[in-house]
Amino acid sequence: MKLIKAAIAAMAAMSLASAALAQDGSINVLAHKVHQTAATGLTAGTTGGDVTADWQAANGRINWITADVGPLHDRLFREMTLATGNVDAAFFLSRFASPKIFDQLEPLDAYQTANPIEDFEGLSKGMLDGMTYNGHLYGIPFRHSTTAFVYNETLLKEAGYDGPPKTFAELVDMAKKLYHVGKNGQKVYGLSQVGDSPEFLLLLMLATGKPFLAPDYTLNANTPEFISALNTLKDLSDNGGLVDNYVSNNLDGLISDMQNGRAVMSISPFNREIVLNDKKLSLYPGSFHVMSVPPRADGSLPVQTEVWYLVIPKNAPHKELAWDLIRTLSAPDATVREALNGNGAVRPAAYEDPRIIAALPSAAEQARSVAAAQLALPGFDETTRAQAILSEESQSFLLGYQSAEDAAANIQKRIEPLLPKKQ
Amino acid sequence: MRRLTFFHLLLLTPSQALATIMLAGPAVYVLWLSFTTSSYGLDPQFIGLANYVTVLTDGHFWTAAWNTFLIVNVVVYAELLLGFGMALLVASLKKGRMILFAVILVPYGISEVVGVLSWRFLADPNIGLVTHALGALGITFNWPRSVPNALTLICTISIWHQLPFTFVILYAAIISVPRELYEAARVDGATPLQAMWTITIPIIVPAATLAIVFRYIFAFRIFSEVWLVTKGGPVQLTEVLGTYLYRVGFSFADFGAAAATGWLMVIGSLLLTSMYLRSMYRKSFAND
């Protein structure tokens with residue numbers, strides 16, 4: 001009986017403690033871990049410091065709710081259906097933008113007019129346009145995730161190469177030639193890429209000179225260019241140019257492959273090399289370098305980007321406070337400090353800052369890539385379903401269930417009805 | 001036995017009402033949702049049976065249904081056989097029974113996510129210990145590129161995790177068999193195999209039926225083993241009804257179709273267990 005009473009008392013104490021914790025935070029921010037790291041600099045290797053420290057001293061604690069991309073947006077969308085949500089500000093990825101979602105976000109124009117962000121014009125105009133709908137702005141860009149080329153210099157030299165590939169075609173060729181079985185029996189592949197979403201295939205298509213889905217929603221699936229991209233993917237997959245478990249590989253797998261020398265190269269966002277060079281986790285610390293994705297034959301860069309925006313849900317309980325935090329995180333100096341914490345800066349001028357140039361050897365390359373970058377996929381209501389179809393049909397071709405031509409035709413046929421009607 | 005009076009019913013009403021509201025309320029809501037078109041930011045609009053038509057005409061649903069049927073039957077009967085064997089072994093031990101009992105129960109105490117991810121790592125095509133061990137035996141195991149390999153891995157993980165449940169039920173049934181029956185059988189010259197077939201198995205059938213029914217219902221909802229390992233791939237050919245529902249509801253934000261899938265799963269699991277439920281009902285109320 002005593003034990004039962006003690007258990008009940010302990011449970012009551014725990015519930016009170018958790019209630020107290022919830023009330024202590026002045027503002028709830030829904031984010032990915034990388035955003036929290038960028039804003040607070042609380043991870044080893046970051047040098048920008050805590051950008052939110054002064055703001056928290058003045059306004060109260062920020063309660064960071066972090067999740068991976070899918071669960072983060074799932075949580076955000078469900079919060080937005082409530083009469084009053086629990087999320088004051090959220091980080092939102094460009095691929096999920098659609099008219100249905102804009103209707104549930106707070107327009108930010110009035111906030112910008114009343115309490116403007118410092119040097120608002122210094123933010124990337126293209127990125128701002130990505131969250132402008134019907135003449136209203138719904139999000140402030142915070143982070144770009146722009147593709148770069150990351151390579152292990154040590155393994156490249158061991159394979160007899162003087163340096164990284166100079167063109168995209170050379171990259172594909174090099175990836176296949178780099179495959180070998182090491183002395184310890186470990187297979188070493190040319191590239192490691194995430195395969196549980198179709199970004200790499202979209203980049204292979206972009207490398208042909210044509211986007212898979214144009215900004216005006218023209219779908220280029222059933223085209224010679226896309227069939228060529230599919231064939232390149234299969235060629236890489238069948239000849240060791242791409243890790244064997246590509247179709248199920250996720251971000252953790254990619255990082256592990258690179259850190260442990262199971263893959264030599266990867267097309268990944270800028271600043272990924274910081275994690276790969278981690279002395280505690282990597283077998284090749286200091287060996288990873290980053291540069292722009294090697295150019296097409298005509299010299300243009302096939303670079304994809306996705307943008308994370310700061311948004312305020314329409315049902316947020318503390319909108320003014322949320323906007324004040326967004327102002328703090330979007331200021332020019334904050335952008336530089338966040339970049340020093342591993343963030344992709346959304347102000348082109350940030351890459352000319354001496355602190356960035358000193359800390360990021362890839363600053364010039366980043367600026368070059370950001371200037372050439374295109375959105376991986378324009379947002380629309382059925383983006384997720386379209387991506388699932390693209391993954392399914394391309395995997396079916398990769399595993400030999402259908403030809404590239406059939407896959408391309410099926411993708412065109414299945415995705416086209418999902419696209420917004422052109423006006 | 002005394003009949004229930006109005007006073008008895010009145011006293012039972014609060015708990016029954018609470019149970020009804022807690023269990024039936026959400027179920028009725030989901031049923032209503034299955035007749036509507038509903039998504040984030042949209043008010044539900046009644047569309048009749050359109051969601052059920054959409055789901056039942058979707059090839060992916062039938063792939064998921066077949067995979068679920070296959071996996072459920074493989075894991076339930078594999079667990080039954082393995083659980084029975086292990087229960088007999090443990091029951092026959094004179095020393096170390098409790099230690100072995102605890103070791104067998106360990107997988108059940110491990111968080112499902114931790115267990116699944118550990119198995120995913122062990123079965124990694126390049127660096128997994130299990131993959132290397134199978135390779136030493138001449139077996140190629142590459143589940144990202146092979147649907148049969150992927151389904152085998154999923155079944156293995158499910159059996160590893162849920163076997164203790166079946167084992168405990170069967171073990172309890174086996175040790176409750178009166179010892180005198182075995183002594184009598186020995187006196188009559190029965191071999192151990194004959195004793196098992198004529199004494200043990202008939203007596204533990206009710207417990208085994210219970211284990212099968214519970215495992216059918218739980219296994220029908222299989223999700224994490226698939227989602228964390230293959231996410232339904234490659235080519236969505238390892239999809240099960242649980243992951244299909246999740247994808248439709250939370251990836252595609254089509255709540256109506258997801259609700260329809262949920263109710264189809266209820267009907268499916270009832271059909272799958274109907275034979276056993278009927279047998280249990282008959283045995284329970286045989287004297288009424």
# chains A, B, ... in the order shown; residues from 1 in each chain; ligands from 1
call {"tool": "interface_residues", "arguments": {"of": "chain A", "to": "chain B", "cutoff": "6 Å", "atoms": "only C-alpha atoms", "output": "PyMOL selection string"}}
result
chain A and resi 81+245+248+385+392+395-396
call {"tool": "write_last_selection", "arguments": {"atoms": "C-alpha atoms", "output": "compact mmCIF listing (two decimals), in the first residue's frame"}}
result
# COMPACT_ATOMS: atom_id res chain seq x y z
CA THR A 81 -5.83 22.92 -37.96
CA ASN A 245 21.71 0.29 -50.87
CA SER A 248 16.85 2.76 -49.02
CA ARG A 385 2.35 12.32 -53.94
CA GLU A 392 8.37 4.35 -57.17
CA GLN A 395 13.09 2.36 -58.42
CA SER A 396 11.05 0.00 -60.58
call {"tool": "residues_around", "arguments": {"residues": "segment 345-350 of chain A", "least_positions_apart": "4", "cutoff": "8 Å", "atoms": "only C-alpha atoms", "output": "PyMOL selection string"}}
result
chain A and resi 122-124+127+141-144+332+335-336+338-339+356+367+370
call {"tool": "write_last_selection", "arguments": {"atoms": "C-alpha atoms", "output": "compact mmCIF listing (two decimals), in the first residue's frame"}}
result
# COMPACT_ATOMS: atom_id res chain seq x y z
CA GLY A 122 19.56 42.33 -48.58
CA LEU A 123 17.63 39.05 -48.37
CA SER A 124 17.62 36.97 -51.54
CA MET A 127 13.89 33.22 -52.05
CA PRO A 141 14.06 32.87 -45.75
CA PHE A 142 16.40 31.55 -43.05
CA ARG A 143 18.49 28.79 -44.59
CA HIS A 144 19.23 27.52 -48.04
CA PRO A 332 22.50 40.94 -41.32
CA THR A 335 22.84 35.86 -40.73
CA VAL A 336 26.66 35.93 -40.62
CA GLU A 338 24.31 31.69 -38.15
CA ALA A 339 26.51 30.91 -41.16
CA ILE A 356 32.73 34.06 -43.31
CA ALA A 367 27.95 32.42 -53.30
CA VAL A 370 23.43 30.23 -54.64
call {"tool": "residues_around", "arguments": {"residues": "segment 206-218 of chain A", "least_positions_apart": "3", "cutoff": "8 Å", "atoms": "only C-alpha atoms", "output": "list in words"}}
result
Phe168, Leu202, Leu203, Ala221, Glu225, Phe226, Ala229, Arg296, Leu301, Pro302, Val303, Leu377, Pro378, Leu419, Pro420 and Lys422 of chain A
call {"tool": "select_by_dssp", "arguments": {"residues": "segment 9-54 of chain B", "states": "helix (DSSP H, G or I)", "output": "PyMOL selection string"}}
result
chain B and resi 9-33+50-54
call {"tool": "residues_around", "arguments": {"residues": "Glu393 of chain A", "least_positions_apart": "3", "cutoff": "9 Å", "atoms": "only C-alpha atoms", "output": "mmCIF file with N, CA and C atoms, in the first residue's frame"}}
result
data_model
loop_
_atom_site.group_PDB
_atom_site.id
_atom_site.type_symbol
_atom_site.label_atom_id
_atom_site.label_comp_id
_atom_site.auth_asym_id
_atom_site.auth_seq_id
_atom_site.Cartn_x
_atom_site.Cartn_y
_atom_site.Cartn_z
ATOM 1 N N ALA A 388 6.447 10.654 -54.461
ATOM 2 C CA ALA A 388 6.301 9.214 -54.218
ATOM 3 C C ALA A 388 6.208 8.458 -55.541
ATOM 4 N N ILE A 389 5.478 9.020 -56.507
ATOM 5 C CA ILE A 389 5.348 8.382 -57.819
ATOM 6 C C ILE A 389 6.705 8.345 -58.519
ATOM 7 N N LEU A 390 7.426 9.455 -58.447
ATOM 8 C CA LEU A 390 8.749 9.535 -59.083
ATOM 9 C C LEU A 390 9.690 8.483 -58.492
ATOM 10 N N SER A 396 11.498 1.124 -59.768
ATOM 11 C CA SER A 396 11.048 -0.002 -60.581
ATOM 12 C C SER A 396 11.979 -0.201 -61.776
ATOM 13 N N PHE A 397 12.432 0.881 -62.369
ATOM 14 C CA PHE A 397 13.389 0.788 -63.474
ATOM 15 C C PHE A 397 14.752 0.337 -62.951
ATOM 16 N N LEU A 398 15.208 0.912 -61.836
ATOM 17 C CA LEU A 398 16.517 0.563 -61.274
ATOM 18 C C LEU A 398 16.634 -0.923 -60.981
ATOM 19 N N GLN A 402 11.023 -2.571 -65.189
ATOM 20 C CA GLN A 402 10.527 -1.938 -66.410
ATOM 21 C C GLN A 402 11.673 -1.168 -67.062
ATOM 22 N N ASP A 406 9.456 3.158 -70.392
ATOM 23 C CA ASP A 406 8.165 2.902 -69.723
ATOM 24 C C ASP A 406 8.067 3.688 -68.429
ATOM 25 N N ALA A 407 9.175 3.739 -67.684
ATOM 26 C CA ALA A 407 9.175 4.495 -66.424
ATOM 27 C C ALA A 407 8.876 5.967 -66.683
ATOM 28 N N ALA A 408 9.533 6.538 -67.695
ATOM 29 C CA ALA A 408 9.335 7.951 -68.022
ATOM 30 C C ALA A 408 7.884 8.212 -68.420
ATOM 31 N N ASN A 410 5.229 6.417 -67.650
ATOM 32 C CA ASN A 410 4.340 6.243 -66.485
ATOM 33 C C ASN A 410 4.390 7.454 -65.565
ATOM 34 N N ILE A 411 5.592 7.974 -65.362
ATOM 35 C CA ILE A 411 5.729 9.141 -64.488
ATOM 36 C C ILE A 411 4.969 10.327 -65.076
ATOM 37 N N VAL B 235 10.101 0.042 -54.580
ATOM 38 C CA VAL B 235 8.973 0.108 -55.516
ATOM 39 C C VAL B 235 7.643 -0.077 -54.780
#
call {"tool": "atom_distance", "arguments": {"atom1": "atom CA of Trp32 of chain B", "atom2": "atom CA of Thr243 of chain B"}}
result
21.6 Å
call {"tool": "decode", "arguments": {"residues": "segment 149-248 of chain B", "atoms": "C-alpha atoms", "output": "compact mmCIF listing (two decimals), in the first residue's frame"}}
result
# COMPACT_ATOMS: atom_id res chain seq x y z
CA ASN B 149 14.78 -10.48 -48.77
CA ALA B 150 13.08 -7.36 -47.42
CA LEU B 151 9.93 -9.26 -46.43
CA THR B 152 12.07 -11.98 -44.80
CA LEU B 153 13.87 -9.35 -42.74
CA ILE B 154 10.58 -7.75 -41.69
CA CYS B 155 9.15 -11.12 -40.61
CA THR B 156 12.35 -11.96 -38.72
CA ILE B 157 12.29 -8.69 -36.80
CA SER B 158 8.62 -9.11 -35.94
CA ILE B 159 9.09 -12.69 -34.74
CA TRP B 160 12.17 -11.73 -32.68
CA HIS B 161 10.28 -8.93 -30.98
CA GLN B 162 6.89 -10.57 -30.40
CA LEU B 163 7.86 -14.21 -29.74
CA PRO B 164 8.06 -13.70 -25.95
CA PHE B 165 4.34 -12.86 -25.88
CA THR B 166 3.34 -16.18 -27.42
CA PHE B 167 5.98 -18.00 -25.39
CA VAL B 168 4.64 -16.71 -22.08
CA ILE B 169 1.06 -17.73 -22.87
CA LEU B 170 2.07 -21.21 -24.01
CA TYR B 171 4.54 -21.68 -21.16
CA ALA B 172 1.86 -20.83 -18.60
CA ALA B 173 -0.49 -23.32 -20.26
CA ILE B 174 2.13 -26.08 -20.37
CA ILE B 175 3.13 -25.81 -16.73
CA SER B 176 -0.52 -25.91 -15.70
CA VAL B 177 -1.01 -29.37 -17.23
CA PRO B 178 -1.47 -31.81 -14.29
CA ARG B 179 1.69 -33.90 -13.74
CA GLU B 180 -0.42 -36.94 -12.93
CA LEU B 181 -1.52 -37.20 -16.56
CA TYR B 182 2.12 -37.56 -17.67
CA GLU B 183 2.78 -40.12 -14.94
CA ALA B 184 -0.24 -42.11 -16.02
CA ALA B 185 0.86 -41.96 -19.63
CA ARG B 186 4.35 -43.14 -18.66
CA VAL B 187 2.87 -46.04 -16.76
CA ASP B 188 0.80 -46.92 -19.83
CA GLY B 189 4.01 -46.99 -21.91
CA ALA B 190 3.56 -43.76 -23.87
CA THR B 191 6.68 -42.19 -25.41
CA PRO B 192 7.44 -38.50 -24.75
CA LEU B 193 6.21 -37.67 -28.25
CA GLN B 194 2.95 -39.52 -27.68
CA ALA B 195 2.51 -37.77 -24.34
CA MET B 196 3.00 -34.41 -26.01
CA TRP B 197 0.54 -35.23 -28.79
CA THR B 198 -2.20 -36.73 -26.66
CA ILE B 199 -1.88 -34.74 -23.42
CA THR B 200 0.02 -31.47 -23.81
CA ILE B 201 -1.31 -30.23 -27.12
CA PRO B 202 -5.05 -30.87 -26.51
CA ILE B 203 -4.87 -29.18 -23.10
CA ILE B 204 -3.04 -26.07 -24.30
CA VAL B 205 -5.22 -25.55 -27.40
CA PRO B 206 -7.42 -22.88 -25.72
CA ALA B 207 -4.30 -20.92 -24.68
CA ALA B 208 -2.80 -21.32 -28.13
CA THR B 209 -6.06 -20.08 -29.68
CA LEU B 210 -5.96 -17.03 -27.45
CA ALA B 211 -2.34 -16.37 -28.42
CA ILE B 212 -3.20 -16.71 -32.12
CA VAL B 213 -6.14 -14.32 -31.88
CA PHE B 214 -4.15 -11.68 -30.04
CA ARG B 215 -1.18 -12.02 -32.36
CA TYR B 216 -3.38 -11.83 -35.44
CA ILE B 217 -4.89 -8.57 -34.23
CA PHE B 218 -1.54 -7.05 -33.21
CA ALA B 219 0.35 -8.32 -36.26
CA PHE B 220 -2.31 -6.93 -38.58
CA ARG B 221 -1.27 -3.47 -37.42
CA ILE B 222 2.42 -4.02 -38.23
CA PHE B 223 4.06 -0.69 -38.97
CA SER B 224 7.46 0.14 -37.48
CA GLU B 225 9.22 -2.96 -38.83
CA VAL B 226 8.28 -1.87 -42.34
CA TRP B 227 8.45 1.92 -42.03
CA LEU B 228 11.85 2.05 -40.34
CA VAL B 229 13.48 -0.56 -42.57
CA THR B 230 12.09 -0.24 -46.11
CA LYS B 231 9.44 2.51 -45.85
CA GLY B 232 7.35 0.21 -48.02
CA GLY B 233 9.99 0.00 -50.75
CA PRO B 234 11.60 -0.93 -52.96
CA VAL B 235 8.97 0.11 -55.52
CA GLN B 236 6.38 0.12 -52.68
CA LEU B 237 6.32 -3.68 -52.91
CA THR B 238 6.86 -4.27 -49.19
CA GLU B 239 4.07 -1.91 -48.18
CA VAL B 240 1.66 -3.17 -45.52
CA LEU B 241 -1.75 -1.77 -44.60
CA GLY B 242 -0.31 0.19 -41.67
CA THR B 243 2.25 2.01 -43.78
CA TYR B 244 -0.26 2.47 -46.61
CA LEU B 245 -2.63 4.16 -44.17
CA TYR B 246 0.15 6.34 -42.78
CA ARG B 247 1.31 7.36 -46.23
CA VAL B 248 -2.20 8.23 -47.42
